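Quick notes on the structure that follows.
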Amino acid sequence: MNFPRDVMHLKPRNIHNSETIQQRSTRLFGLALVIGAALICTGGFAQESYEARAGLSTGAQAASLDAEPPAPELPSVTNPKLRSPRDTMQTFIEGMNRWEEGGKEDALSTLDLSGIKEQIRASEGELLADLLKQILDRDRVIVPRLIPDDPSGEPYVHIRNPKGDVAIVPFETNVGTEWKFSAGTLETLRNLHKEYQDRDVVAGVADTQPKVFSLRLRNWVAKHIPFLVREAFLLENWQWLGLFAIILAGMVASRLFTLALSAIVRKRFRHEAIALDKGLEKGFIRPIRIALMAWVWFLGLKTLGLPANTLFYLYGAAKTISVAGVVWAVYRLVDIVGRFLGEKASRSDNKFDDILVPLVIRSLKVLVVVFGIVFIADTLELDYKGVLAGLGLGGLAFALAAKDTVSNIFGSLTILIDRPFQIGDWVIVGDTEGSVETVGIRSTRIRTFYNSLISVPNSQLVNASIDNMGARRYRRIKTMIAVTYDTPPEKIEAFCEGIRHLIRIHPYTRKDYYHVWLNQFADFSINILLYCFHEVPDWSTELRERHRLFLDIIRLARRLGVEFAFPTQTLYMRPETQDAPAQAQPAPASADAAFVLGRKEAEQILDQTLGKDAPPPPPVQF
C-alpha cells in the first residue's frame with residue numbers, strides 16, 4: 001500500500017505552485033481522512049513494522065512491500081534505474097553499498113554533475129556521493145515505500161535543513177525523464193555534512209566507512225587532531241598542511257627521478273663514447289623535473305577534498321604545468337637524440353645520414369611544437385577545434401599562400417631521395433659555389449670559399465643543374481710544362497718518362513690513366529702536356545698531393561738539366577763569314593730536291609726511333 005507523498009514531504013521551496021490556500025487545505029484534509037481510515041483498518045501503524053515487512057536497514061537496500069497495486073502506464077525514461085525518486089534513492093544506496101564491485105557508476109549516475117567542470121567531475125562526483133551517503137546514514141531510516149514512485153510527479157525533498165536540502169528532481173531528456181539529486185543539493189553537501197558529522201549513525205547501517213580517501217583522512221584528523229579541521233582562510237587547517245606536504249613531495253620526487261634519469265643518459269652516452277653537452281643535459285632535465293613535480297601535485301590534490309572551485313583552478317594549473325613541461329622536455333629530448341645520432345653519423349663512411357639526421361630532427365621538432373600546442377589548448381579547454389575547422393575551410397587560400405613553402409618541403413624530400421650531394425660536398429649551383437653545410441626543410445645552406453653562407457631554397461635545387469665537385473672519384477690535373485727550345489730531344493724524352501714514373505709511384509695518383517707528351521710548340525717554349533688524376537677523399541688532400549707531385553717534377557727537371565721556359569726575347573747575332581754547322585745538309589738546288597731530302601731524313605729519323613720496317617705502335621695501355 002502506497003502512502004500519499006504530500007503527507008511525508010513538502011514540496012521544494014524552489015518549485016512554483018499555483019494552488020490557492022483553500023484548495024491546498026481541502027486536499028490535505030481529505031488525505032488526512034484517508035490515512036486515518038487506513039490506520040484504523042490495519043490496527044495501527046509503526047515505522048518499525050514497515051522495516052520488518054520490507055526487510056530493510058537504514059541506508060541499505062530498498063525493497064517494495066507486499067500487495068503493491070499494478071503500476072500505471074508510465075512515460076518513457078532514458079535509464080530505468082532513475083525512473084522515479086524511489087528508484088533513484090534505491091539505485092544510489094545499492095550503488096554505494098556495492099562501491100568496489102561496480103556500483104560506483106550507478107551511484108554517480110544519480111547525481112546531477114552537469115554544474116561541475118569536466119576536469120574535476122570524476123573526483124568531485126565520488127566525494128559528493130560519499131558525503132551524501134554519510135548524511136543519509138545519520139539522518140533517519142530510509143523506507144522505500146514512503147518515497148514517491150510517480151515518474152511524472154513533483155520534486156521530492158528527502159531532507160530539509162537550513163544549511164541545505166537534499167532533493168531529487170526530474171530532468172527532461174530527448175527520450176524521457178530521469179530523476180537525480182539536484183545540483184543545488186550537491187552544492188550544499190559540504191555544509192550539510194558539517195551539520196551531520198557529529199551525529200551517530202542510525203541503527204542497522206552495516207557499512208558507514210567513507211569510500212573516498214580524502215573523506216577517510218578528514219575523519220581521522222577530526223578524531224585524533226580536532227583543531228586541524230577548523231577552517232582558516234578558505235580551507236581547513238589540515239588541507240593547508242596537505243598542500244604544503246604535496247608541494248614538498250613533488251619537489252623531492254622530481255629531484256630523485258631526474259638524478260636517476262641523468263645517470264642513465266650519461267651512461268648511455270659514455271657507452272657510445274660520445275660527449276654529452278652540459279647545456280643539452282640541463283635543458284632536458286629541467287622541464288622533466290617541472291613536469292614530474294606538477295604531476296605529483298595533480299595526484300596529491302585528490303587526497304585533500306578541496307572545494308570544487310579551488311580544486312578546479314589547482315587542477316588546471318597542475319595539469320597545464322605538467323603538460324607544458326612534458327612538451328618542453330620532449331623538444332629538448334629531440335636535441336639530445338639529434339646530438340647522439342649526429343655523432344654516430346659523423347663516424348660512418350656514408351654521408352647520406354649526415355643529411356638525413358638534421359632533416360629528421362627538424363621535422364620532429366615541428367611535430368612536437370604542433371602537438372604540444374594542441375595538448376596545451378585541450379588542457380586549457382580552448383576552442384582549438386574551431387580554429388582547425390576554420391583552417392579546413394580556408395585550406396585553399398592557405399595552400400596558395402604557402403605554395404613556396406610546400407615546394408621547398410617537397411624539394412627537401414627530393415634531395416633526400418635523389419641525393420644529388422652530401423654534407424661537405426663542393427657543389428656549383430648556378431652562380432653559387434661552395435661546400436654544403438646543412439640541408440633544412442626549407443633551404444640548403446652552402447658555405448662559399450670566401451666563408452659567406454648562402455641559403456638556396458630547396459625548390460630551386462630541384463630544377464637547377466648541380467655540379468657536384470665533391471662527388472668526383474678522381475680529381476683531374478691538366479696543365480702544360482713549358483721547357484726551353486734549346487732542350488735536346490733526348491732530355492725531353494727522359495723528362496717525360498720521368499714524370500710518368502712519378503705518377504706511377506705516387507700514392508694518390510690514378511695508375512690506369514695518365515698522359516705526359518710533348519704537345520705544343522708555343523711562342524717562347526716547348527709545351528709538355530701533363531694530364532693525370534688524383535684519387536683523394538677531399539679537396540684539402542687533393543691540394544696537398546698536387547703540391548707534392550709538382551715539387552717532384554721540379555726536382556726531376558733539375559737533375560736532368562731541363563730548364564723551364566718563361567716569356568723572354570733573345571737577340572741572336574751571327575757574323576756573315578761564319579760557316580754553317582758541319583752536320584747541317586746543304587741547301588737543295590730545287591723544290592723537287594727539297595722534297596726528296598725531307599723525306600729521306602724523316603725516314604732515317606723514324607728508323608732510328610721506331611726501327612726499320614717496324615709495325616705501328618699499339619694503342620696506349622696502362
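Letters A, B, ... mark the chains of the C-alpha cells in the order given; residue numbers begin at 1 per chain; ligand numbers begin at 1, in order shown.
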Check: So which residues touch Gln197 of chain A within 10 Å, counting only C-alpha atoms, skipping near sequence neighbours fewer than 6 positions away, as a list in words?
Finding: Leu131, Gln134, Ile135, Arg138, Asn219 and Ala222 of chain A
Please produce a file of those selected residues containing N, CA and C atoms, as an mmCIF file, in the first residue's frame.
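Contents of part_1.cif, freshly written:
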```cif
data_model
loop_
_atom_site.group_PDB
_atom_site.id
_atom_site.type_symbol
_atom_site.label_atom_id
_atom_site.label_comp_id
_atom_site.auth_asym_id
_atom_site.auth_seq_id
_atom_site.Cartn_x
_atom_site.Cartn_y
_atom_site.Cartn_z
ATOM 1 N N LEU A 131 29.839 11.973 0.592
ATOM 2 C CA LEU A 131 29.249 12.895 1.563
ATOM 3 C C LEU A 131 27.750 12.660 1.706
ATOM 4 N N GLN A 134 27.091 9.558 3.766
ATOM 5 C CA GLN A 134 27.324 9.787 5.190
ATOM 6 C C GLN A 134 26.175 10.578 5.819
ATOM 7 N N ILE A 135 25.626 11.523 5.088
ATOM 8 C CA ILE A 135 24.497 12.308 5.609
ATOM 9 C C ILE A 135 23.255 11.434 5.758
ATOM 10 N N ARG A 138 23.119 9.146 8.717
ATOM 11 C CA ARG A 138 22.977 9.791 10.023
ATOM 12 C C ARG A 138 21.664 10.565 10.145
ATOM 13 N N ASN A 219 38.150 12.357 8.467
ATOM 14 C CA ASN A 219 37.566 11.764 9.674
ATOM 15 C C ASN A 219 38.646 11.387 10.681
ATOM 16 N N ALA A 222 39.889 14.587 12.222
ATOM 17 C CA ALA A 222 38.890 15.123 13.154
ATOM 18 C C ALA A 222 38.857 14.335 14.458
#
```
Notebook entry, point to check: Which polymer residues have any atom within 9 Å of an atom of Ala253 of chain A, counting only C-alpha atoms, with same-chain residues fewer than 5 positions away left out, as an MDAnalysis selection string?
Noted result: chainID A and resid 248 258 289 292:293 296
Item checked: Using only C-alpha atoms: which of A:Leu413, A:Leu299, A:Val337, A:Leu235 has the shortest distance to Arg268 of chain A ->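 When distances to Arg268 of chain A are compared using only C-alpha atoms, the smallest one comes from A:Val337.
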Next item on the list: From the DSSP assignment of the backbone, select every residue of segment 257-381 of chain A that is alpha helix (DSSP H), and format the answer as a ChimeraX atom specification.
Entry: /A:257-271,278-300,308-346,352-379
Notebook entry, point to check: What lies within 9 Å of segment 445-448 of chain A using only C-alpha atoms, ignoring chain neighbours under 4 positions off, as number ranges by chain?
Noted result: A: 426-427, 432-440, 452-457
Note to self: Please list as a list of chain:residue names every residue within 12 Å of Arg121 of chain A, counting only C-alpha atoms and excluding residues in the same chain fewer than 5 positions away.
What the structure shows: A:Leu108, A:Ser109, A:Leu111, A:Asp112, A:Leu113, A:Ser114, A:Gly115, A:Ile116, A:Glu126, A:Leu127, A:Leu128, A:Ala129, A:Lys302, A:Ala308, A:Asn309, A:Leu311, A:Phe312, A:Tyr315
Item checked: Counting only C-alpha atoms, the option among A:Val143, A:Val562, A:Leu82, A:Leu367 closest to Pro170 of chain A ->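 Residue with the minimum atom-to-atom distance to Pro170 of chain A: A:Leu82.
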Next item on the list: Go through A:Trp328, A:Val252, A:Trp297, A:Asp418 and flag the residue nearest Gly283 of chain A, using only C-alpha atoms for the distances.
Entry: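 Ranking A:Trp328, A:Val252, A:Trp297, A:Asp418 by distance to Gly283 of chain A, first place goes to A:Trp328.
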Proximity check segment 475-504 of chain A to segment 512-518 of chain A, 8 Å, nearest pairs one decimal Å, only C-alpha atoms, as a Markdown table:
```
| residue | atom | partner | partner_atom | distance |
| --- | --- | --- | --- | --- |
| A:Ile492 | CA | A:Leu518 | CA | 8.0 |
| A:Cys496 | CA | A:Val516 | CA | 5.9 |
| A:Glu497 | CA | A:Val516 | CA | 7.8 |
| A:Ile499 | CA | A:Val516 | CA | 7.1 |
| A:Arg500 | CA | A:Val516 | CA | 6.4 |
| A:Ile503 | CA | A:Tyr514 | CA | 7.9 |
```
Next item on the list: Give me the residues within 8 Å of Asn468 of chain A as a list of chain:residue names, counting only C-alpha atoms and dropping any in the same chain fewer than 3 places off.
Entry: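 The filter keeps A:Pro420, A:Phe421, A:Asp425, A:Trp426, A:Val427, A:Ile428, A:Ala471, A:Arg472.
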If you keep N, CA and C atoms, can you produce a file of those selected residues as a PDB file, in the first residue's frame?
```pdb
ATOM      1  N   PRO A 420      71.547  14.291 -54.596  1.00  0.00           N
ATOM      2  CA  PRO A 420      72.487  14.867 -55.568  1.00  0.00           C
ATOM      3  C   PRO A 420      73.794  15.317 -54.929  1.00  0.00           C
ATOM      4  N   PHE A 421      73.823  15.497 -53.620  1.00  0.00           N
ATOM      5  CA  PHE A 421      75.050  15.870 -52.924  1.00  0.00           C
ATOM      6  C   PHE A 421      74.932  15.420 -51.482  1.00  0.00           C
ATOM      7  N   ASP A 425      80.128  18.315 -49.469  1.00  0.00           N
ATOM      8  CA  ASP A 425      80.483  18.264 -50.892  1.00  0.00           C
ATOM      9  C   ASP A 425      80.695  19.682 -51.435  1.00  0.00           C
ATOM     10  N   TRP A 426      81.602  19.765 -52.361  1.00  0.00           N
ATOM     11  CA  TRP A 426      81.855  21.023 -53.089  1.00  0.00           C
ATOM     12  C   TRP A 426      80.932  21.027 -54.304  1.00  0.00           C
ATOM     13  N   VAL A 427      79.983  21.966 -54.313  1.00  0.00           N
ATOM     14  CA  VAL A 427      78.979  22.000 -55.370  1.00  0.00           C
ATOM     15  C   VAL A 427      78.985  23.363 -56.041  1.00  0.00           C
ATOM     16  N   ILE A 428      78.511  23.351 -57.282  1.00  0.00           N
ATOM     17  CA  ILE A 428      78.306  24.589 -58.039  1.00  0.00           C
ATOM     18  C   ILE A 428      76.853  24.579 -58.491  1.00  0.00           C
ATOM     19  N   ALA A 471      81.585  14.927 -55.480  1.00  0.00           N
ATOM     20  CA  ALA A 471      81.263  13.537 -55.805  1.00  0.00           C
ATOM     21  C   ALA A 471      82.262  12.912 -56.761  1.00  0.00           C
ATOM     22  N   ARG A 472      83.300  13.662 -57.139  1.00  0.00           N
ATOM     23  CA  ARG A 472      84.303  13.119 -58.051  1.00  0.00           C
ATOM     24  C   ARG A 472      85.085  12.009 -57.371  1.00  0.00           C
TER      25      ARG A 472
END
```
Notebook entry, point to check: With distances taken over only C-alpha atoms, which of A:Glu172, A:Glu490, A:Glu542, A:Asp137 is nearest to Tyr508 of chain A?
Noted result: A:Glu542
Next item on the list: Run DSSP on the backbone and give me the residues of segment 140-200 of chain A it puts in strand (DSSP E), as an MDAnalysis selection string.
Entry: chainID A and resid 156:159 166:172 177:181
Checklist line | Exercise: His271 of chain A partners within 12 Å, only C-alpha atoms, chain neighbours under 6 positions left out, as JSON, numbers by chain | finding: {"A": [264, 265, 340]}
Check: Got a sec: who's within 12 Å of Ala317 of chain A, counting only C-alpha atoms, leaving out chain neighbours fewer than 5 positions off, as an NGL selection string?
Finding: :A and (119 or 291 or 294-295 or 297-298 or 301 or 310-312 or 322-325 or 376 or 379-380)
Check: Could you work out how far atom CA of Thr479 of chain A lies from atom CA of Ser525 of chain A, giving the answer in Å with one decimal?
Finding: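 Atom-to-atom, atom CA of Ser525 of chain A to atom CA of Thr479 of chain A, that is 14.0 Å.
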